[in-house]
Amino acid sequence: MDKVNLLMTQLQNAEENIANLQSLIEGQPKVAFSAALLDSGSGDTGPFSVATPLKYQRVFTSIGGTYQPSTGIFTAQVKGMYFFRFSMFNNQSPTPSSEVTLMKNDVPLVSVSDTTGPDPNDMGSNAVVIELDVGDNVYVQLGANRIIYDDESMNYNTFSGFLLFTM
């Protein structure tokens with residue numbers, strides 16, 4: 001009988017632990033987005049005389065209301081550790097001239113570029129894990145006088161991010 005009582009106590013403890021973990025998970029904010037540059041059509045974006053935030057128009061996922069396709073800017077609503085990833089497809093010309101940079105509050109973090117070589121079909125991506133405070137902005141910026149190409153049927157240029165955990 002002692003073994004049965006011991007097993008019952010262990011089972012009750014395990015059930016309490018599971019309930020506690022579920023309440024922790026359910027109480028965590030949910031933040032995630034993923035978007036592609038063009039909502040329709042195909043063609044070049046740029047060049048612009050100054051570096052310009054890209055507005056990713058085709059939103060695949062937007063949980064938490066933190067990414068705004070009208071501006072291309074993600075704004076943190078909770079302090080935490082976040083993951084961001086972006087991709088770039090060059091401008092499909094004999095002389096490539098593509099460069100994009102992930103920015104945090106107007107400060108460059110990581111970039112992808114294709115500015116030399118004869119291949120007109122190059123792609124690149126980059127990613128970062130960063131801590132954000134409430135109100136911090138993250139966006140992808142097209143370099144001044146640079147061009148990227150996209151096709152809405154292929155979604156070459158994407159921007160995604162999500163909250164890993166709060167702090």
# chains A, B, ... in the order shown; residues from 1 in each chain; ligands from 1
>>> select_by_dssp(residues="chain A", states="alpha helix (DSSP H)", output="count of residues only")
26
>>> residues_around(residues="Thr115 (chain A)", least_positions_apart="4", cutoff="8 Å", atoms="only C-alpha atoms", output="list in words")
Thr95, Pro96, Ser97, Ser98 and Glu99 of chain A
>>> write_last_selection(atoms="all heavy atoms", output="PDB file, in the first residue's frame")
ATOM      1  N   THR A  95      25.462  43.934 -63.962  1.00  0.00           N
ATOM      2  CA  THR A  95      26.270  44.482 -62.873  1.00  0.00           C
ATOM      3  C   THR A  95      25.400  44.553 -61.628  1.00  0.00           C
ATOM      4  O   THR A  95      24.547  45.437 -61.513  1.00  0.00           O
ATOM      5  CB  THR A  95      26.785  45.896 -63.224  1.00  0.00           C
ATOM      6  OG1 THR A  95      27.490  45.824 -64.457  1.00  0.00           O
ATOM      7  CG2 THR A  95      27.697  46.414 -62.127  1.00  0.00           C
ATOM      8  N   PRO A  96      25.562  43.621 -60.679  1.00  0.00           N
ATOM      9  CA  PRO A  96      24.713  43.636 -59.494  1.00  0.00           C
ATOM     10  C   PRO A  96      24.963  44.871 -58.636  1.00  0.00           C
ATOM     11  O   PRO A  96      26.077  45.384 -58.597  1.00  0.00           O
ATOM     12  CB  PRO A  96      25.087  42.353 -58.754  1.00  0.00           C
ATOM     13  CG  PRO A  96      26.429  41.993 -59.272  1.00  0.00           C
ATOM     14  CD  PRO A  96      26.542  42.539 -60.658  1.00  0.00           C
ATOM     15  N   SER A  97      23.914  45.320 -58.010  1.00  0.00           N
ATOM     16  CA  SER A  97      24.022  46.510 -57.163  1.00  0.00           C
ATOM     17  C   SER A  97      23.018  46.406 -56.023  1.00  0.00           C
ATOM     18  O   SER A  97      22.144  47.257 -55.872  1.00  0.00           O
ATOM     19  CB  SER A  97      23.761  47.767 -57.991  1.00  0.00           C
ATOM     20  OG  SER A  97      23.899  48.908 -57.179  1.00  0.00           O
ATOM     21  N   SER A  98      23.131  45.357 -55.232  1.00  0.00           N
ATOM     22  CA  SER A  98      22.143  45.101 -54.189  1.00  0.00           C
ATOM     23  C   SER A  98      22.797  45.071 -52.816  1.00  0.00           C
ATOM     24  O   SER A  98      23.865  44.479 -52.642  1.00  0.00           O
ATOM     25  CB  SER A  98      21.444  43.763 -54.436  1.00  0.00           C
ATOM     26  OG  SER A  98      20.826  43.757 -55.704  1.00  0.00           O
ATOM     27  N   GLU A  99      22.132  45.711 -51.856  1.00  0.00           N
ATOM     28  CA  GLU A  99      22.619  45.697 -50.480  1.00  0.00           C
ATOM     29  C   GLU A  99      21.462  46.025 -49.546  1.00  0.00           C
ATOM     30  O   GLU A  99      20.800  47.043 -49.720  1.00  0.00           O
ATOM     31  CB  GLU A  99      23.723  46.727 -50.290  1.00  0.00           C
ATOM     32  CG  GLU A  99      24.256  46.774 -48.867  1.00  0.00           C
ATOM     33  CD  GLU A  99      25.264  47.885 -48.688  1.00  0.00           C
ATOM     34  OE1 GLU A  99      24.843  49.015 -48.403  1.00  0.00           O
ATOM     35  OE2 GLU A  99      26.461  47.596 -48.865  1.00  0.00           O
TER      36      GLU A  99
END
>>> select_by_dssp(residues="chain A", states="strand (DSSP E or B)", output="number ranges by chain")
A: 32-36, 42-45, 52-53, 58-63, 67-68, 73-75, 80-89, 98-104, 107-114, 123-132, 137-142, 148-151, 158-166
>>> closest_residue(among="A:Leu163, A:Leu109, A:Met81, A:Leu102", to="Ile130 (chain A)", atoms="only C-alpha atoms")
A:Met81
>>> residues_around(residues="region 25-31 of chain A", least_positions_apart="2", cutoff="12 Å", atoms="only C-alpha atoms", output="PyMOL selection string")
chain A and resi 18-23+33-34+61-67+74-84+160-167
>>> write_last_selection(atoms="N, CA, C and O atoms", output="CSV table (one decimal), in the first residue's frame")
chain,number,residue,atom,x,y,z
A,18,ILE,N,2.8,20.2,-14.2
A,18,ILE,CA,2.3,20.4,-15.5
A,18,ILE,C,1.3,21.6,-15.6
A,18,ILE,O,1.4,22.4,-16.5
A,19,ALA,N,0.4,21.6,-14.6
A,19,ALA,CA,-0.5,22.8,-14.6
A,19,ALA,C,0.3,24.1,-14.4
A,19,ALA,O,-0.1,25.1,-15.0
A,20,ASN,N,1.3,24.1,-13.6
A,20,ASN,CA,2.1,25.3,-13.4
A,20,ASN,C,2.8,25.7,-14.7
A,20,ASN,O,2.9,26.9,-15.0
A,21,LEU,N,3.4,24.7,-15.4
A,21,LEU,CA,4.1,25.0,-16.6
A,21,LEU,C,3.1,25.5,-17.7
A,21,LEU,O,3.4,26.5,-18.4
A,22,GLN,N,1.9,25.0,-17.7
A,22,GLN,CA,0.9,25.4,-18.7
A,22,GLN,C,0.5,26.8,-18.4
A,22,GLN,O,0.3,27.6,-19.3
A,23,SER,N,0.3,27.2,-17.2
A,23,SER,CA,-0.1,28.6,-16.8
A,23,SER,C,1.1,29.6,-17.2
A,23,SER,O,0.8,30.7,-17.6
A,33,PHE,N,6.1,37.4,-36.8
A,33,PHE,CA,5.6,37.9,-38.1
A,33,PHE,C,6.5,37.3,-39.2
A,33,PHE,O,7.7,37.0,-39.0
A,34,SER,N,6.0,37.3,-40.4
A,34,SER,CA,6.7,36.9,-41.6
A,34,SER,C,6.1,37.6,-42.8
A,34,SER,O,4.8,37.5,-42.9
A,61,THR,N,2.2,36.0,-41.8
A,61,THR,CA,1.9,35.8,-40.4
A,61,THR,C,2.1,37.1,-39.6
A,61,THR,O,3.1,37.8,-39.9
A,62,SER,N,1.2,37.5,-38.8
A,62,SER,CA,1.4,38.6,-37.9
A,62,SER,C,0.6,38.4,-36.6
A,62,SER,O,-0.6,38.6,-36.6
A,63,ILE,N,1.3,38.0,-35.6
A,63,ILE,CA,0.8,37.7,-34.3
A,63,ILE,C,1.3,38.7,-33.3
A,63,ILE,O,2.5,38.9,-33.2
A,64,GLY,N,0.5,39.4,-32.7
A,64,GLY,CA,0.9,40.4,-31.7
A,64,GLY,C,0.9,41.9,-32.2
A,64,GLY,O,1.2,42.8,-31.5
A,65,GLY,N,0.6,42.1,-33.5
A,65,GLY,CA,0.4,43.4,-34.1
A,65,GLY,C,1.7,44.2,-34.0
A,65,GLY,O,1.6,45.5,-33.9
A,66,THR,N,2.8,43.6,-34.2
A,66,THR,CA,4.1,44.4,-34.0
A,66,THR,C,4.7,44.8,-35.3
A,66,THR,O,5.6,45.7,-35.3
A,67,TYR,N,4.4,44.1,-36.4
A,67,TYR,CA,4.9,44.5,-37.7
A,67,TYR,C,3.9,45.3,-38.5
A,67,TYR,O,2.7,44.9,-38.6
A,74,PHE,N,9.1,46.8,-37.5
A,74,PHE,CA,8.6,46.0,-36.4
A,74,PHE,C,8.9,46.8,-35.1
A,74,PHE,O,10.0,47.3,-35.0
A,75,THR,N,7.9,46.9,-34.2
A,75,THR,CA,8.1,47.7,-33.0
A,75,THR,C,7.8,46.7,-31.8
A,75,THR,O,6.8,46.1,-31.7
A,76,ALA,N,8.8,46.6,-30.9
A,76,ALA,CA,8.7,45.7,-29.8
A,76,ALA,C,7.6,46.2,-28.8
A,76,ALA,O,7.7,47.4,-28.4
A,77,GLN,N,6.7,45.3,-28.4
A,77,GLN,CA,5.7,45.6,-27.4
A,77,GLN,C,6.1,45.1,-26.1
A,77,GLN,O,5.5,45.5,-25.1
A,78,VAL,N,7.0,44.2,-26.0
A,78,VAL,CA,7.5,43.6,-24.8
A,78,VAL,C,9.0,43.5,-24.8
A,78,VAL,O,9.6,43.3,-25.9
A,79,LYS,N,9.6,43.7,-23.6
A,79,LYS,CA,11.1,43.5,-23.5
A,79,LYS,C,11.4,42.1,-23.6
A,79,LYS,O,10.7,41.2,-23.0
A,80,GLY,N,12.4,41.7,-24.4
A,80,GLY,CA,12.7,40.3,-24.5
A,80,GLY,C,13.8,40.1,-25.5
A,80,GLY,O,14.4,41.0,-26.1
A,81,MET,N,14.1,38.8,-25.8
A,81,MET,CA,15.1,38.3,-26.7
A,81,MET,C,14.4,37.9,-28.0
A,81,MET,O,13.4,37.1,-27.9
A,82,TYR,N,14.8,38.4,-29.1
A,82,TYR,CA,14.1,38.2,-30.4
A,82,TYR,C,15.0,37.6,-31.4
A,82,TYR,O,16.2,37.9,-31.4
A,83,PHE,N,14.4,36.9,-32.4
A,83,PHE,CA,15.1,36.4,-33.5
A,83,PHE,C,14.6,37.1,-34.8
A,83,PHE,O,13.4,37.2,-34.9
A,84,PHE,N,15.5,37.6,-35.7
A,84,PHE,CA,15.1,38.2,-36.9
A,84,PHE,C,15.9,37.5,-38.0
A,84,PHE,O,17.1,37.2,-37.9
A,160,SER,N,11.4,38.3,-41.4
A,160,SER,CA,10.6,37.5,-40.3
A,160,SER,C,11.2,37.8,-39.0
A,160,SER,O,12.4,38.0,-38.9
A,161,GLY,N,10.4,37.7,-37.9
A,161,GLY,CA,10.9,37.8,-36.6
A,161,GLY,C,10.0,37.2,-35.6
A,161,GLY,O,8.8,37.1,-35.9
A,162,PHE,N,10.5,36.8,-34.4
A,162,PHE,CA,9.6,36.3,-33.4
A,162,PHE,C,10.3,36.5,-32.0
A,162,PHE,O,11.5,36.6,-31.9
A,163,LEU,N,9.5,36.5,-31.0
A,163,LEU,CA,10.0,36.6,-29.6
A,163,LEU,C,10.4,35.3,-29.1
A,163,LEU,O,9.7,34.3,-29.2
A,164,LEU,N,11.7,35.2,-28.6
A,164,LEU,CA,12.1,33.9,-28.1
A,164,LEU,C,11.7,33.8,-26.6
A,164,LEU,O,11.2,32.7,-26.2
A,165,PHE,N,11.9,34.8,-25.8
A,165,PHE,CA,11.4,34.8,-24.4
A,165,PHE,C,11.5,36.3,-23.9
A,165,PHE,O,12.2,37.1,-24.4
A,166,THR,N,10.6,36.5,-22.9
A,166,THR,CA,10.6,37.9,-22.3
A,166,THR,C,11.7,38.0,-21.3
A,166,THR,O,12.3,37.0,-20.8
A,167,MET,N,12.0,39.2,-20.9
A,167,MET,CA,13.1,39.5,-20.0
A,167,MET,C,12.6,40.5,-18.9
A,167,MET,O,11.7,41.3,-19.2
>>> closest_residue(among="A:Leu54, A:Val100, A:Ala144, A:Val107", to="Gly124 (chain A)", atoms="only C-alpha atoms")
A:Val100
>>> closest_residue(among="A:Thr52, A:Asn121, A:Gln92, A:Ser153", to="Asp106 (chain A)", atoms="only C-alpha atoms")
A:Thr52
